file coords-v1.txt (compact mmCIF, C-alpha atoms)
# COMPACT_ATOMS: atom_id res chain seq x y z
CA MET A 1 -59.17 1.61 -44.54
CA PRO A 2 -55.52 2.36 -43.51
CA PRO A 3 -54.96 4.75 -40.60
CA THR A 4 -54.55 8.43 -41.44
CA ARG A 5 -50.90 9.46 -41.74
CA PRO A 6 -50.12 12.42 -39.41
CA THR A 7 -49.25 15.74 -40.99
CA ILE A 8 -45.70 17.08 -40.92
CA SER A 9 -46.54 19.64 -38.22
CA GLN A 10 -48.17 16.93 -36.11
CA ARG A 11 -45.08 14.79 -36.47
CA TRP A 12 -42.86 17.71 -35.38
CA ILE A 13 -44.97 18.20 -32.26
CA THR A 14 -44.78 14.48 -31.53
CA VAL A 15 -41.00 14.49 -31.89
CA LEU A 16 -40.63 17.51 -29.60
CA ALA A 17 -42.95 16.08 -26.95
CA LEU A 18 -41.21 12.73 -26.95
CA ALA A 19 -37.79 14.39 -26.78
CA ILE A 20 -38.85 16.38 -23.73
CA VAL A 21 -40.66 13.57 -21.93
CA GLY A 22 -38.70 10.52 -22.93
CA GLY A 23 -35.42 11.79 -24.31
CA GLY A 24 -33.71 11.39 -27.65
CA GLY A 25 -34.41 7.69 -28.01
CA LEU A 26 -38.17 8.15 -28.23
CA ALA A 27 -37.69 11.05 -30.61
CA VAL A 28 -35.83 8.76 -33.02
CA LEU A 29 -38.68 6.26 -32.76
CA ALA A 30 -41.10 8.96 -33.85
CA MET A 31 -38.89 9.88 -36.79
CA LEU A 32 -38.76 6.30 -37.96
CA GLN A 33 -42.53 6.44 -38.29
CA GLY A 34 -42.30 8.84 -41.19
CA ALA A 35 -40.89 12.18 -40.03
CA THR A 36 -39.27 14.44 -42.64
CA LEU A 37 -35.85 16.18 -42.59
CA PRO A 38 -36.81 18.99 -40.17
CA ALA A 39 -38.07 16.37 -37.74
CA LEU A 40 -34.83 14.43 -38.20
CA VAL A 41 -32.84 17.52 -37.20
CA ILE A 42 -35.04 18.01 -34.14
CA GLY A 43 -34.60 14.37 -33.18
CA ILE A 44 -30.80 14.53 -33.52
CA ASN A 45 -30.72 17.70 -31.43
CA ALA A 46 -32.81 15.97 -28.79
CA ILE A 47 -30.30 13.11 -28.67
CA ILE A 48 -27.39 15.54 -28.35
CA ILE A 49 -29.14 17.46 -25.58
CA SER A 50 -29.83 14.20 -23.75
CA ILE A 51 -26.19 13.11 -24.01
CA VAL A 52 -24.92 16.50 -22.80
CA ALA A 53 -27.38 16.44 -19.91
CA MET A 54 -26.26 12.94 -18.89
CA LYS A 55 -22.60 13.99 -19.01
CA LYS A 56 -23.34 17.00 -16.80
CA ILE A 57 -25.13 14.78 -14.30
CA GLN A 58 -22.18 12.38 -14.26
CA GLN A 59 -19.71 15.25 -13.79
CA LYS A 60 -21.81 16.65 -10.95
CA ARG A 61 -21.82 13.26 -9.24
CA GLN A 62 -18.06 12.91 -9.72
CA ASN A 63 -17.50 16.36 -8.20
CA ILE A 64 -19.36 15.47 -5.00
CA PRO A 65 -16.61 15.02 -2.40
CA GLN A 66 -16.37 11.76 -0.51
CA ASN A 67 -18.16 12.01 2.81
CA PRO A 68 -15.33 11.55 5.35
CA LEU A 69 -17.83 9.92 7.69
CA ILE A 70 -17.86 6.83 5.47
CA GLU A 71 -14.32 5.88 6.50
CA ARG A 72 -15.31 5.83 10.17
CA LEU A 73 -18.46 3.79 9.80
CA ILE A 74 -18.33 0.21 11.05
CA THR A 75 -20.13 -2.67 9.37
CA PRO A 76 -20.54 -5.85 11.43
CA THR A 77 -19.18 -9.17 10.21
CA GLN A 78 -22.21 -11.40 10.50
CA THR A 79 -24.20 -13.68 8.24
CA ASN A 80 -27.61 -12.03 8.64
CA LYS A 81 -28.15 -10.65 5.14
CA ASP A 82 -31.02 -8.36 6.17
CA ILE A 83 -28.89 -6.67 8.85
CA ILE A 84 -25.92 -6.31 6.50
CA SER A 85 -28.25 -4.81 3.90
CA LEU A 86 -29.41 -2.17 6.38
CA TYR A 87 -25.82 -1.25 7.25
CA GLN A 88 -25.04 -0.94 3.54
CA GLN A 89 -28.11 1.26 3.20
CA VAL A 90 -26.74 3.59 5.88
CA GLN A 91 -23.46 3.83 3.98
CA ALA A 92 -25.26 4.61 0.71
CA GLN A 93 -27.38 7.27 2.41
CA LEU A 94 -24.33 8.96 3.93
CA THR A 95 -22.54 8.79 0.59
CA ASN A 96 -25.35 11.03 -0.68
CA TYR A 97 -25.17 13.17 2.49
CA ASP A 98 -28.69 12.05 3.39
CA TYR A 99 -28.30 12.30 7.17
CA ALA A 100 -32.01 12.19 8.00
CA ASP A 101 -32.61 8.85 6.30
CA ALA A 102 -29.29 7.46 7.55
CA LEU A 103 -30.34 8.28 11.10
CA LYS A 104 -33.73 6.63 10.56
CA THR A 105 -32.07 3.47 9.28
CA THR A 106 -29.60 3.45 12.17
CA ASN A 107 -32.41 3.95 14.68
CA HIS A 108 -34.14 0.96 13.09
CA LEU A 109 -30.99 -1.11 13.57
CA VAL A 110 -30.89 -0.14 17.24
CA LYS A 111 -34.53 -1.21 17.64
CA LEU A 112 -33.81 -4.55 15.95
CA ASP A 113 -30.93 -5.22 18.32
CA PRO A 114 -30.55 -2.79 21.25
CA ASP A 115 -27.40 -4.63 22.36
CA ASP A 116 -25.56 -4.06 19.08
CA PRO A 117 -22.67 -1.69 19.94
CA ILE A 118 -21.95 -0.95 16.29
CA ALA A 119 -25.44 0.39 15.66
CA HIS A 120 -25.09 2.75 18.63
CA TYR A 121 -21.60 3.77 17.48
CA ASN A 122 -22.73 4.59 13.92
CA ARG A 123 -25.65 6.51 15.38
CA GLY A 124 -23.15 8.56 17.38
CA LEU A 125 -21.16 9.32 14.22
CA ILE A 126 -24.22 10.74 12.51
CA PHE A 127 -25.14 12.87 15.50
CA ALA A 128 -21.58 14.16 15.90
CA ASP A 129 -21.31 15.10 12.24
CA GLN A 130 -24.40 17.23 12.74
CA ASN A 131 -22.89 18.86 15.86
CA ALA A 132 -25.52 17.22 18.06
CA TRP A 133 -22.91 16.67 20.77
CA VAL A 134 -25.10 15.50 23.65
CA GLU A 135 -26.92 12.97 21.47
CA ALA A 136 -23.58 11.78 20.07
CA LEU A 137 -22.16 11.42 23.57
CA ASN A 138 -25.11 9.30 24.66
CA ALA A 139 -24.85 7.08 21.58
CA TYR A 140 -21.10 6.48 22.01
CA SER A 141 -21.60 5.75 25.71
CA GLU A 142 -24.30 3.19 24.81
CA ALA A 143 -21.85 1.56 22.41
CA LEU A 144 -19.04 1.42 24.99
CA THR A 145 -21.39 0.05 27.65
CA ARG A 146 -21.95 -2.91 25.33
CA ASP A 147 -18.34 -3.22 24.13
CA SER A 148 -15.77 -1.71 26.49
CA ASP A 149 -12.94 -2.69 24.10
CA MET A 150 -14.21 -0.63 21.16
CA PHE A 151 -11.24 1.57 20.27
CA ALA A 152 -13.25 3.67 17.80
CA GLY A 153 -15.86 4.41 20.44
CA TYR A 154 -13.28 5.94 22.81
CA ARG A 155 -11.67 7.85 19.93
CA GLU A 156 -14.92 9.41 18.78
CA ARG A 157 -16.26 10.06 22.28
CA ALA A 158 -13.03 11.86 23.16
CA GLN A 159 -13.70 14.24 20.28
CA VAL A 160 -17.21 14.88 21.58
CA TYR A 161 -15.99 15.47 25.12
CA SER A 162 -13.53 18.04 23.76
CA GLN A 163 -16.38 19.85 21.99
CA LEU A 164 -18.22 19.94 25.31
CA LYS A 165 -14.97 21.09 27.02
CA GLU A 166 -15.08 18.17 29.42
CA TRP A 167 -11.30 17.93 29.48
CA GLN A 168 -10.76 15.23 32.08
CA ASN A 169 -13.18 12.94 30.24
CA THR A 170 -11.43 13.84 26.98
CA LEU A 171 -8.12 12.84 28.52
CA ASP A 172 -9.49 9.58 29.91
CA ASP A 173 -10.94 8.50 26.57
CA CYS A 174 -7.75 9.45 24.73
CA ASN A 175 -5.78 7.28 27.13
CA HIS A 176 -8.21 4.38 26.66
CA ALA A 177 -7.90 4.61 22.89
CA LEU A 178 -4.12 5.12 22.88
CA ALA A 179 -3.72 1.99 25.00
CA LYS A 180 -4.97 0.08 21.94
CA THR A 181 -3.34 1.98 19.09
CA SER A 182 -0.87 4.76 18.29
CA ASP A 183 -2.73 7.61 16.61
CA ALA A 184 -1.35 11.09 15.89
CA THR A 185 -4.74 12.81 16.06
CA LEU A 186 -5.44 11.29 19.47
CA TYR A 187 -2.03 12.34 20.80
CA ASN A 188 -2.76 15.86 19.57
CA LEU A 189 -6.17 15.81 21.27
CA ARG A 190 -4.57 14.52 24.45
CA GLY A 191 -2.17 17.44 24.25
CA VAL A 192 -5.13 19.82 24.00
CA ALA A 193 -6.74 18.22 27.05
CA HIS A 194 -3.53 18.39 29.11
CA PHE A 195 -3.10 22.03 28.10
CA ALA A 196 -6.67 22.88 29.11
CA LEU A 197 -6.08 21.18 32.46
CA GLY A 198 -2.91 23.25 32.98
CA ASP A 199 -0.44 20.35 32.65
CA PHE A 200 1.92 21.93 30.12
CA GLU A 201 4.73 19.39 30.42
CA GLU A 202 2.40 16.49 29.58
CA SER A 203 0.83 18.57 26.84
CA LEU A 204 4.26 19.09 25.29
CA LYS A 205 4.96 15.34 25.42
CA SER A 206 1.66 14.53 23.72
CA TYR A 207 2.16 17.05 20.92
CA THR A 208 5.69 15.74 20.36
CA GLN A 209 4.33 12.19 20.12
CA ALA A 210 1.77 13.37 17.56
CA ILE A 211 4.53 15.02 15.50
CA THR A 212 6.71 11.91 15.75
CA ILE A 213 3.92 9.93 14.09
CA ASN A 214 2.93 12.64 11.60
CA ASP A 215 5.37 15.49 11.02
CA ASN A 216 3.37 16.99 8.16
CA ASN A 217 0.53 18.46 10.19
CA ALA A 218 0.79 22.22 10.66
CA ASP A 219 -1.70 22.27 13.54
CA PHE A 220 0.44 19.91 15.61
CA TYR A 221 3.42 22.27 15.36
CA ASN A 222 1.28 25.30 16.02
CA ASN A 223 -0.17 23.68 19.15
CA ARG A 224 3.25 22.71 20.40
CA ALA A 225 4.47 26.26 19.83
CA VAL A 226 1.79 27.51 22.23
CA VAL A 227 2.93 25.08 24.91
CA LYS A 228 6.59 25.96 24.42
CA GLN A 229 5.72 29.60 24.90
CA LYS A 230 3.99 28.69 28.18
CA LEU A 231 7.16 26.87 29.22
CA ASP A 232 9.29 29.92 28.27
CA ASP A 233 10.94 28.13 25.35
CA LEU A 234 10.45 31.08 23.01
CA ARG A 235 13.02 30.05 20.41
CA GLY A 236 11.60 26.56 20.27
CA ALA A 237 8.13 28.06 19.88
CA ILE A 238 9.33 30.24 16.98
CA ASP A 239 10.87 27.20 15.29
CA ASP A 240 7.56 25.35 15.56
CA CYS A 241 5.70 28.36 14.16
CA ARG A 242 8.06 28.44 11.18
CA ARG A 243 7.48 24.76 10.57
CA ALA A 244 3.71 25.20 10.82
CA ILE A 245 3.78 28.08 8.30
CA ALA A 246 5.98 26.07 5.92
CA LEU A 247 3.41 23.29 5.98
CA ASN A 248 0.42 25.62 5.77
CA PRO A 249 1.18 29.18 4.56
CA ASN A 250 -2.45 30.15 5.27
CA LEU A 251 -2.23 29.36 8.98
CA ASP A 252 -2.66 32.91 10.30
CA THR A 253 -2.56 31.88 13.96
CA ALA A 254 1.00 30.62 13.52
CA ARG A 255 2.07 33.84 11.75
CA LYS A 256 0.58 36.05 14.43
CA GLN A 257 2.06 33.95 17.19
CA MET A 258 5.51 34.06 15.62
CA LYS A 259 5.39 37.85 15.35
CA ARG A 260 4.49 38.15 19.03
CA LEU A 261 7.30 35.78 20.03
CA GLN A 262 9.87 37.62 17.90
CA LYS A 263 8.88 40.90 19.57
CA GLN A 264 9.37 39.29 22.97
CA LEU A 265 12.86 38.18 22.02
CA SER A 266 13.91 41.49 20.44
call {"tool": "encode", "arguments": {"input": "coords-v1.txt", "output": "structure tokens"}}
result
Amino acid sequence: MPPTRPTISQRWITVLALAIVGGGGLAVLAMLQGATLPALVIGINAIIISIVAMKKIQQKRQNIPQNPLIERLITPTQTNKDIISLYQQVQAQLTNYDYADALKTTNHLVKLDPDDPIAHYNRGLIFADQNAWVEALNAYSEALTRDSDMFAGYRERAQVYSQLKEWQNTLDDCNHALAKTSDATLYNLRGVAHFALGDFEESLKSYTQAITINDNNADFYNNRAVVKQKLDDLRGAIDDCRRAIALNPNLDTARKQMKRLQKQLS
């Protein structure tokens, strides 16, 4: 005896359930088993809903900004496929802003090879991006203990020292890094450190070097304006404020500073 053919209402329920659980594709499969026109409409709607949902998911993924930390990660050049795979896993986790799992994977890399400076360095990056400054400092120091020529280690540790307001250490690490490369951000940070230590002339030189490399950064001009004011170069400070505002009209500190300087000159 042939199997009993489901009723129309039963087929509708089947189509709806399959559309919800398995998407439009399974709904079509149910229709091909004998569904009538109303079921066909339901199945087509399920497909459309599935397509729209997929497009929204894709758009959401596309709108997720690139994690800037990715550019500063280091992956070792070695032939051990398992180790390389773990480093790639860290990158994938940070791409999804999954800091907890990225830290776990990095900690695992450190356990596998405690003398790997890159593992310690990447660990420092993750800590620093979470504002865990002391932990980041320790991780960068571990990396530099194992590789004293690591430019990136000095660059990143200098940033951490500045957050901790350890200005002499900030200055020392900036100098270490700048001995290996010319970097506008590091010159700017060195200017901040000199300023904090009260050496305004050296601060001015560092800010000027930063601007020479990158003259499109409003903060560099704004910082130099502060130093020029300290050195009684009020007109030069006003010029730098104007340049900062031209580059970034929303930089309120430059606007306020320029108003104060103009009052002093009037």
call {"tool": "closest_atom_pairs", "arguments": {"input": "coords-v1.txt", "of": "range 78-153 of chain A", "to": "range 181-200 of chain A", "cutoff": "12 Å", "atoms": "only C-alpha atoms", "output": "Markdown table"}}
result
| residue | atom | partner | partner_atom | distance |
| --- | --- | --- | --- | --- |
| A:Asp149 | CA | A:Thr181 | CA | 11.8 |
| A:Met150 | CA | A:Thr181 | CA | 11.4 |
| A:Phe151 | CA | A:Thr181 | CA | 8.0 |
| A:Ala152 | CA | A:Thr181 | CA | 10.1 |
call {"tool": "closest_residue", "arguments": {"input": "coords-v1.txt", "among": "A:Tyr121, A:Phe127, A:Trp133, A:Trp167", "to": "Gly153 in chain A", "atoms": "only C-alpha atoms"}}
result
A:Tyr121
call {"tool": "residues_around", "arguments": {"input": "coords-v1.txt", "residues": "Asp116 in chain A", "least_positions_apart": "6", "cutoff": "9 Å", "atoms": "all atoms listed in the file", "output": "list of chain:residue names"}}
result
A:Leu109, A:Val110, A:Ala143, A:Arg146, A:Asp147
call {"tool": "atom_distance", "arguments": {"input": "coords-v1.txt", "atom1": "CA of Glu201 in chain A", "atom2": "CA of Gln262 in chain A"}}
result
22.7 Å
call {"tool": "residues_around", "arguments": {"input": "coords-v1.txt", "residues": "Phe220 in chain A", "least_positions_apart": "2", "cutoff": "7 Å", "atoms": "all atoms listed in the file", "output": "list in words"}}
result
Asn188, Tyr207, Ala210, Ile211, Asn217, Ala218, Asn222, Asn223 and Arg224 of chain A
call {"tool": "closest_residue", "arguments": {"input": "coords-v1.txt", "among": "A:Gln257, A:Gln93, A:Asn122, A:Asn80", "to": "Val226 in chain A", "atoms": "all atoms listed in the file"}}
result
A:Gln257
call {"tool": "residues_near_point", "arguments": {"input": "coords-v1.txt", "point": "(7.5, 24.1, 23.4)", "cutoff": "10 Å", "atoms": "all atoms listed in the file", "output": "ChimeraX atom specification"}}
result
/A:200-201,203-205,207-208,221-240
call {"tool": "atom_distance", "arguments": {"input": "coords-v1.txt", "atom1": "CA of Leu94 in chain A", "atom2": "CA of Thr106 in chain A"}}
result
11.2 Å
call {"tool": "residues_near_point", "arguments": {"input": "coords-v1.txt", "point": "(-3.8, 32.2, 14.0)", "cutoff": "12 Å", "atoms": "all atoms listed in the file", "output": "list in words"}}
result
Ala218, Asp219, Asn222, Asn223, Ala225, Val226, Cys241, Ala244, Ile245, Asn248, Pro249, Asn250, Leu251, Asp252, Thr253, Ala254, Arg255, Lys256, Gln257, Met258, Lys259 and Arg260 of chain A
call {"tool": "residues_around", "arguments": {"input": "coords-v1.txt", "residues": "Tyr154 in chain A", "least_positions_apart": "5", "cutoff": "12 Å", "atoms": "only C-alpha atoms", "output": "compact mmCIF listing (two decimals) with C-alpha atoms, keeping the file's coordinate frame"}}
result
# COMPACT_ATOMS: atom_id res chain seq x y z
CA TYR A 121 -21.60 3.77 17.48
CA GLY A 124 -23.15 8.56 17.38
CA LEU A 137 -22.16 11.42 23.57
CA ALA A 139 -24.85 7.08 21.58
CA TYR A 140 -21.10 6.48 22.01
CA SER A 141 -21.60 5.75 25.71
CA GLU A 142 -24.30 3.19 24.81
CA ALA A 143 -21.85 1.56 22.41
CA LEU A 144 -19.04 1.42 24.99
CA THR A 145 -21.39 0.05 27.65
CA ASP A 147 -18.34 -3.22 24.13
CA SER A 148 -15.77 -1.71 26.49
CA ASP A 149 -12.94 -2.69 24.10
CA GLN A 159 -13.70 14.24 20.28
CA VAL A 160 -17.21 14.88 21.58
CA TYR A 161 -15.99 15.47 25.12
CA ASN A 169 -13.18 12.94 30.24
CA THR A 170 -11.43 13.84 26.98
CA LEU A 171 -8.12 12.84 28.52
CA ASP A 172 -9.49 9.58 29.91
CA ASP A 173 -10.94 8.50 26.57
CA CYS A 174 -7.75 9.45 24.73
CA ASN A 175 -5.78 7.28 27.13
CA HIS A 176 -8.21 4.38 26.66
CA ALA A 177 -7.90 4.61 22.89
CA LEU A 178 -4.12 5.12 22.88
CA ALA A 179 -3.72 1.99 25.00
CA LYS A 180 -4.97 0.08 21.94
CA THR A 181 -3.34 1.98 19.09
CA LEU A 186 -5.44 11.29 19.47
call {"tool": "atom_distance", "arguments": {"input": "coords-v1.txt", "atom1": "CA of Ala246 in chain A", "atom2": "CA of Leu261 in chain A"}}
result
17.2 Å
call {"tool": "closest_residue", "arguments": {"input": "coords-v1.txt", "among": "A:Arg123, A:Lys81, A:Arg243, A:Lys165", "to": "Tyr99 in chain A", "atoms": "only C-alpha atoms"}}
result
A:Arg123
